[in-house]
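First up is the structure itself, then whatever we jot down about it.
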Amino acid sequence: MLDRSTFQSGGRDRVNAERVSRLNFKETRSPTLIRDSDGTPDAPAEGTFWIRESDGAVLMTWLHVGAGYRNDIRVRYCTPPGSRDLVPCTMNQRFVSAATGRLSAEAKYSHVRRFSVEPGTVIKSPSFNESGAGRRKP
């Protein structure tokens, strides 16, 4: 991907009161990382990474894909209580096209937990009935 993209400094900014540097990118050559579901071989992307200056951690990303439509996705990363890891905490997506109009969605992530799996571990699927009985409460 590096040889098919250009990268440029987007200046400095703040995310959650932390100093960040913006790094902009744009795909410039084929094949692109993302392909359209309509069979179009390439869907050039561009976007920005907001990188914490103190340790290089990515605190936010923005991705734009689309030719003839617009698909924007912004993800903010946070550190949940009791953790040292950055994880996605919100994702906002906006899709606009002449065919479908405007669609917007927001995902908020919570109750993030760490778990590990050892080789040979079997994870059983929870069983649910139509009434929702059997679901575990978060």
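Labels for the structure tokens follow display order: chains A, B, ..., residues from 1 in each chain, ligands from 1.
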Dump as JSON lines the rows for residues of region 52-91 of chain A within 8 Å of region 8-31 of chain A: closest atom pair and distance in Å with one decimal, only C-alpha atoms counted, ordered by chain and rising residue number.
{"residue": "A:Arg52", "atom": "CA", "partner": "A:Val20", "partner_atom": "CA", "distance": 4.3}
{"residue": "A:Glu53", "atom": "CA", "partner": "A:Val20", "partner_atom": "CA", "distance": 5.2}
{"residue": "A:Ser54", "atom": "CA", "partner": "A:Arg19", "partner_atom": "CA", "distance": 7.9}
{"residue": "A:Leu59", "atom": "CA", "partner": "A:Val15", "partner_atom": "CA", "distance": 7.1}
{"residue": "A:Met60", "atom": "CA", "partner": "A:Val15", "partner_atom": "CA", "distance": 7.8}
>> Taking the DSSP secondary structure from the backbone, can you list the residues of chain A that are strand (DSSP E), as a ChimeraX atom specification?
In response: /A:5-15,18-27,45-52,58-65,69-78,87-97,101-108
Show me, as a CSV table (one decimal) with C-alpha atoms, in the first residue's frame, the residues that have an atom within 12 Å of Thr100 (chain A) when counting only C-alpha atoms, minus same-chain residues fewer than 4 positions from it.
chain,number,residue,atom,x,y,z
A,68,GLY,CA,-20.0,8.8,-7.7
A,69,TYR,CA,-20.9,8.4,-4.0
A,70,ARG,CA,-19.5,9.4,-0.7
A,71,ASN,CA,-18.7,7.1,2.2
A,94,ARG,CA,-22.1,8.8,6.5
A,95,PHE,CA,-23.0,7.4,3.1
A,96,VAL,CA,-24.4,9.7,0.4
A,104,SER,CA,-25.9,8.0,8.7
> Quick one: residues within 10 Å of Cys89 (chain A), only C-alpha atoms counted, chain neighbours fewer than 4 positions away excluded, as a list in words?
Replying inline: Met60, Val75, Arg76, Tyr77, Cys78, Thr79, Pro80, Ala107, Lys108, Tyr109, Ser110 and Val112 of chain A
